[in-house]
>>> print(open('model36.tsv').read())   # TSV, C-alpha atoms
chain	number	residue	atom	x	y	z
I	196	MET	CA	0.00	0.00	0.00
I	197	ARG	CA	2.83	2.40	0.83
I	198	GLU	CA	4.34	1.93	-2.63
I	199	LEU	CA	0.98	2.83	-4.21
I	200	ILE	CA	0.71	6.01	-2.15
I	201	THR	CA	4.33	7.17	-2.54
I	202	GLN	CA	4.67	6.62	-6.27
I	203	THR	CA	4.32	9.44	-8.77
I	204	TRP	CA	0.70	9.73	-9.85
I	205	ALA	CA	-0.68	11.08	-13.10
I	206	TRP	CA	-1.32	14.82	-13.19
I	207	TRP	CA	-5.01	14.36	-13.91
I	208	PHE	CA	-5.67	12.47	-10.68
I	209	SER	CA	-5.23	15.61	-8.56
I	210	GLY	CA	-7.47	17.57	-10.91
I	211	ALA	CA	-10.16	14.90	-10.73
I	212	MET	CA	-10.00	14.86	-6.93
I	213	ILE	CA	-10.18	18.66	-6.70
I	214	ALA	CA	-13.10	18.73	-9.15
I	215	GLY	CA	-14.94	16.07	-7.13
I	216	ILE	CA	-14.46	18.00	-3.90
I	217	MET	CA	-15.57	21.23	-5.56
I	218	PHE	CA	-18.77	19.62	-6.88
I	219	PHE	CA	-19.40	18.29	-3.37
I	220	LEU	CA	-18.86	21.74	-1.80
I	221	LEU	CA	-20.97	23.52	-4.42
I	222	TYR	CA	-23.77	21.00	-3.91
I	223	PHE	CA	-23.82	21.82	-0.19
I	224	GLY	CA	-23.49	25.56	-0.75
I	225	GLN	CA	-19.96	25.85	0.64
I	226	SER	CA	-16.84	27.46	-0.79
I	227	PHE	CA	-13.25	26.46	-0.25
I	228	GLY	CA	-10.56	28.78	1.00
I	229	PHE	CA	-7.70	28.14	3.34
I	230	SER	CA	-7.14	31.68	4.59
I	231	SER	CA	-10.72	31.90	5.83
I	232	ASN	CA	-9.68	29.57	8.65
I	233	LEU	CA	-7.88	32.45	10.35
I	234	ARG	CA	-11.11	34.48	10.33
I	235	THR	CA	-13.03	31.47	11.68
I	236	ILE	CA	-10.51	30.91	14.48
I	237	CYS	CA	-10.64	34.59	15.44
I	238	ALA	CA	-14.46	34.52	15.44
I	239	ALA	CA	-14.47	31.36	17.59
I	240	ALA	CA	-12.11	33.09	20.03
I	241	GLY	CA	-14.67	35.87	20.49
I	242	LEU	CA	-13.15	38.67	18.44
I	243	GLY	CA	-16.54	39.24	16.81
I	244	LYS	CA	-17.48	41.22	19.93
I	245	LYS	CA	-14.71	43.73	19.16
I	246	THR	CA	-14.48	43.73	15.36
I	247	LYS	CA	-17.39	43.46	12.94
I	248	PHE	CA	-15.29	41.49	10.41
I	249	PHE	CA	-15.15	38.55	12.85
I	250	ASP	CA	-18.85	38.74	13.75
I	251	PHE	CA	-20.38	35.86	11.80
I	252	LYS	CA	-21.72	32.35	12.42
I	253	TRP	CA	-18.35	30.63	12.62
I	254	LYS	CA	-19.85	27.23	13.48
I	255	THR	CA	-20.92	26.89	9.84
I	256	GLN	CA	-17.19	26.75	8.99
I	257	ILE	CA	-16.19	23.90	11.32
I	258	TRP	CA	-15.72	21.65	8.27
I	259	ASN	CA	-13.02	24.06	7.05
I	260	LEU	CA	-11.25	23.90	10.43
I	261	ILE	CA	-11.32	20.10	10.19
I	262	PHE	CA	-9.73	20.43	6.74
I	263	LEU	CA	-7.01	22.64	8.29
I	264	VAL	CA	-6.28	20.09	11.02
I	265	GLY	CA	-6.29	17.30	8.41
I	266	ALA	CA	-3.78	19.21	6.28
I	267	ILE	CA	-1.45	19.59	9.26
I	268	ILE	CA	-1.77	15.93	10.25
I	269	GLY	CA	-1.43	14.81	6.62
I	270	GLY	CA	1.74	16.87	6.21
I	271	PHE	CA	3.19	15.35	9.37
I	272	ILE	CA	2.37	11.81	8.24
I	273	ALA	CA	3.80	12.43	4.77
I	274	LYS	CA	7.05	13.85	6.20
I	275	GLN	CA	7.51	11.24	8.90
I	276	PHE	CA	6.42	8.08	7.13
I	277	MET	CA	6.33	8.63	3.38
I	278	SER	CA	9.27	10.82	2.47
I	279	THR	CA	12.62	9.60	1.18
I	280	ASP	CA	16.13	10.99	1.41
I	281	LEU	CA	16.35	11.28	-2.36
I	282	PRO	CA	16.90	14.80	-3.70
I	283	VAL	CA	14.03	16.59	-5.35
I	284	GLN	CA	13.92	15.91	-9.09
I	285	ILE	CA	13.90	19.22	-10.93
I	286	SER	CA	14.84	20.07	-14.47
I	287	ALA	CA	18.36	21.02	-15.54
I	288	ASP	CA	17.04	24.39	-16.77
I	289	THR	CA	15.67	25.18	-13.31
I	290	ILE	CA	18.97	24.19	-11.69
I	291	SER	CA	20.77	26.47	-14.15
I	292	ASP	CA	18.41	29.37	-13.46
I	293	LEU	CA	18.83	28.92	-9.70
I	294	ALA	CA	22.62	28.77	-10.06
I	295	LYS	CA	22.56	32.14	-11.85
I	296	LEU	CA	20.93	33.57	-8.73
I	297	GLY	CA	23.50	31.91	-6.46
I	298	ILE	CA	21.06	29.27	-5.25
I	299	ALA	CA	22.19	25.64	-5.27
I	300	ALA	CA	19.91	22.85	-6.44
I	301	PRO	CA	17.71	21.95	-3.46
I	302	ALA	CA	18.76	18.86	-1.54
I	303	SER	CA	15.32	18.73	0.09
I	304	LEU	CA	12.05	20.43	-0.84
I	305	GLN	CA	13.26	24.05	-0.72
I	306	PRO	CA	16.59	25.73	-1.45
I	307	ALA	CA	18.64	26.15	1.74
I	308	GLU	CA	19.62	29.68	0.66
I	309	LEU	CA	15.98	30.68	1.10
I	310	PHE	CA	14.52	28.43	3.78
I	311	SER	CA	17.25	27.12	6.12
I	312	LEU	CA	17.52	28.35	9.70
I	313	ASP	CA	20.68	30.24	8.73
I	314	ALA	CA	18.81	32.04	5.95
I	315	ILE	CA	15.80	32.82	8.13
I	316	PHE	CA	17.93	34.34	10.88
I	317	SER	CA	20.01	36.44	8.49
I	318	VAL	CA	18.89	40.02	7.97
I	319	LYS	CA	18.22	39.49	4.25
I	320	GLY	CA	16.38	36.20	4.79
I	321	PHE	CA	14.26	37.60	7.59
I	322	LEU	CA	13.32	40.66	5.55
I	323	VAL	CA	12.42	38.56	2.49
I	324	LEU	CA	10.19	36.24	4.53
I	325	ALA	CA	8.66	39.07	6.56
I	326	MET	CA	7.86	41.13	3.47
I	327	GLY	CA	6.55	38.05	1.65
I	328	GLY	CA	4.31	37.16	4.57
I	329	LEU	CA	3.07	40.73	4.86
I	330	MET	CA	2.30	40.86	1.14
I	331	VAL	CA	0.49	37.50	1.20
I	332	GLY	CA	-1.54	38.51	4.26
I	333	PHE	CA	-2.42	41.92	2.85
I	334	GLY	CA	-3.15	40.46	-0.58
I	335	SER	CA	-5.43	37.77	0.85
I	336	ARG	CA	-7.43	40.33	2.78
I	337	TYR	CA	-7.50	42.85	-0.06
I	338	ALA	CA	-8.51	40.22	-2.65
I	339	GLY	CA	-11.10	38.71	-0.32
I	340	GLY	CA	-9.40	35.32	-0.25
I	341	CYS	CA	-6.25	33.36	-0.80
I	342	THR	CA	-4.89	31.73	-3.94
I	343	SER	CA	-6.59	28.41	-3.21
I	344	GLY	CA	-9.94	30.05	-2.51
I	345	HIS	CA	-9.94	32.16	-5.66
I	346	ALA	CA	-8.20	29.73	-8.03
I	347	ILE	CA	-10.10	26.62	-6.98
I	348	SER	CA	-13.39	27.72	-5.48
I	349	GLY	CA	-13.90	31.12	-7.11
I	350	LEU	CA	-13.09	29.93	-10.62
I	351	SER	CA	-15.31	26.87	-10.08
I	352	ASP	CA	-18.15	29.29	-9.28
I	353	LEU	CA	-17.27	31.29	-12.44
I	354	GLN	CA	-16.71	34.44	-10.36
I	355	VAL	CA	-15.13	37.29	-12.33
I	356	PRO	CA	-13.42	38.78	-9.21
I	357	SER	CA	-11.68	35.43	-8.69
I	358	LEU	CA	-10.47	35.44	-12.30
I	359	ILE	CA	-9.07	38.95	-11.79
I	360	ALA	CA	-7.44	37.88	-8.51
I	361	VAL	CA	-5.86	34.78	-10.10
I	362	ILE	CA	-4.47	36.86	-12.96
I	363	GLY	CA	-3.03	39.21	-10.33
I	364	PHE	CA	-1.50	36.27	-8.44
I	365	PHE	CA	0.22	35.08	-11.61
I	366	ILE	CA	1.50	38.56	-12.45
I	367	GLY	CA	2.84	38.87	-8.89
I	368	GLY	CA	4.54	35.48	-9.13
I	369	LEU	CA	6.13	36.35	-12.44
I	370	ALA	CA	7.30	39.73	-11.09
I	371	MET	CA	8.85	38.02	-8.08
I	372	THR	CA	10.55	35.38	-10.21
I	373	PHE	CA	11.96	37.60	-12.93
I	374	PHE	CA	12.44	41.00	-11.28
I	375	ILE	CA	12.47	40.97	-7.45
I	376	LEU	CA	14.29	37.67	-6.71
I	377	PRO	CA	17.22	38.50	-9.03
I	378	LEU	CA	17.60	41.85	-7.22
I	379	ILE	CA	17.70	40.14	-3.82
I	380	PHE	CA	20.17	37.41	-4.77
>>> encode(input="model36.tsv", output="structure tokens")
Amino acid sequence: MRELITQTWAWWFSGAMIAGIMFFLLYFGQSFGFSSNLRTICAAAGLGKKTKFFDFKWKTQIWNLIFLVGAIIGGFIAKQFMSTDLPVQISADTISDLAKLGIAAPASLQPAELFSLDAIFSVKGFLVLAMGGLMVGFGSRYAGGCTSGHAISGLSDLQVPSLIAVIGFFIGGLAMTFFILPLIF
């Protein structure tokens, strides 16, 4: 069974699973979004008494909190019991592009120059992560949802604001990749 789970699966399997979940959520009148869990947690903690944004019926979102807990537990199980020590398989072109920025091919999931403890506790690394986190948090609030909510749920509902948000996410990703990251490294 472990070999079946840890092998590389066809690309379409994930799409079919996401589509199935989206049909299920749409049928029950729900929408998917990971960043909405923070709002739900804040509402459950009683912040709705102080801020109108958190004043809503948070108990209708318990299923989303269960999804959050499942994602954390699933990540732990995958790391502890299903991961290997083999390096990540990425293309030679990507390795070349990373080398031009002074980033070695990742030995694990992320490049150590960006995500190791040494990088995080350096001034440059801390500023990059802090600014990135601030931009993601601001962008999620400004856009009314995160990338998963807009790209998966919003586009499934054929919402024009989600299409605009997803286009903005891609433009931001391209700007980071081709303009900002080369300036930093």
>>> closest_residue(input="model36.tsv", among="I:Cys237, I:Ala338, I:Val323, I:Leu260", to="Gly363 of chain I", atoms="all atoms listed in the file")
I:Ala338
>>> closest_residue(input="model36.tsv", among="I:Ala238, I:Ala300, I:Ile379, I:Met196", to="Val318 of chain I", atoms="all atoms listed in the file")
I:Ile379
>>> closest_residue(input="model36.tsv", among="I:Gly243, I:Glu198, I:Glu308, I:Ile315", to="Thr279 of chain I", atoms="only C-alpha atoms")
I:Glu198
>>> closest_residue(input="model36.tsv", among="I:Ile347, I:Leu242, I:Ala307, I:Cys341", to="Phe218 of chain I", atoms="only C-alpha atoms")
I:Ile347
>>> atom_distance(input="model36.tsv", atom1="atom CA of Thr255 of chain I", atom2="atom CA of Phe227 of chain I")
12.7 Å
>>> atom_distance(input="model36.tsv", atom1="atom CA of Ser335 of chain I", atom2="atom CA of Phe229 of chain I")
10.2 Å
>>> atom_distance(input="model36.tsv", atom1="atom CA of Asn232 of chain I", atom2="atom CA of Asn259 of chain I")
6.6 Å
>>> closest_residue(input="model36.tsv", among="I:Met326, I:Leu350, I:Ile213, I:Val283", to="Gln305 of chain I", atoms="all atoms listed in the file")
I:Val283
>>> closest_residue(input="model36.tsv", among="I:Thr289, I:Met330, I:Asp352, I:Arg336", to="Met371 of chain I", atoms="only C-alpha atoms")
I:Met330
>>> residues_around(input="model36.tsv", residues="Met217 of chain I", least_positions_apart="6", cutoff="12 Å", atoms="all atoms listed in the file", output="NGL selection string")
:I and (210-211 or 223-228 or 343-344 or 346-352)
>>> write_last_selection(input="model36.tsv", atoms="C-alpha atoms", output="PDB file, in the frame of the given file")
ATOM      1  CA  GLY I 210      -7.470  17.570 -10.910  1.00  0.00           C
ATOM      2  CA  ALA I 211     -10.160  14.900 -10.730  1.00  0.00           C
ATOM      3  CA  PHE I 223     -23.820  21.820  -0.190  1.00  0.00           C
ATOM      4  CA  GLY I 224     -23.490  25.560  -0.750  1.00  0.00           C
ATOM      5  CA  GLN I 225     -19.960  25.850   0.640  1.00  0.00           C
ATOM      6  CA  SER I 226     -16.840  27.460  -0.790  1.00  0.00           C
ATOM      7  CA  PHE I 227     -13.250  26.460  -0.250  1.00  0.00           C
ATOM      8  CA  GLY I 228     -10.560  28.780   1.000  1.00  0.00           C
ATOM      9  CA  SER I 343      -6.590  28.410  -3.210  1.00  0.00           C
ATOM     10  CA  GLY I 344      -9.940  30.050  -2.510  1.00  0.00           C
ATOM     11  CA  ALA I 346      -8.200  29.730  -8.030  1.00  0.00           C
ATOM     12  CA  ILE I 347     -10.100  26.620  -6.980  1.00  0.00           C
ATOM     13  CA  SER I 348     -13.390  27.720  -5.480  1.00  0.00           C
ATOM     14  CA  GLY I 349     -13.900  31.120  -7.110  1.00  0.00           C
ATOM     15  CA  LEU I 350     -13.090  29.930 -10.620  1.00  0.00           C
ATOM     16  CA  SER I 351     -15.310  26.870 -10.080  1.00  0.00           C
ATOM     17  CA  ASP I 352     -18.150  29.290  -9.280  1.00  0.00           C
TER      18      ASP I 352
END
>>> residues_near_point(input="model36.tsv", point="(15.0, 22.3, 0.5)", cutoff="12 Å", atoms="all atoms listed in the file", output="list in words")
Asp280, Leu281, Pro282, Val283, Gln284, Ile285, Ile298, Ala299, Ala300, Pro301, Ala302, Ser303, Leu304, Gln305, Pro306, Ala307, Glu308, Leu309, Phe310, Ser311, Leu312 and Ala314 of chain I
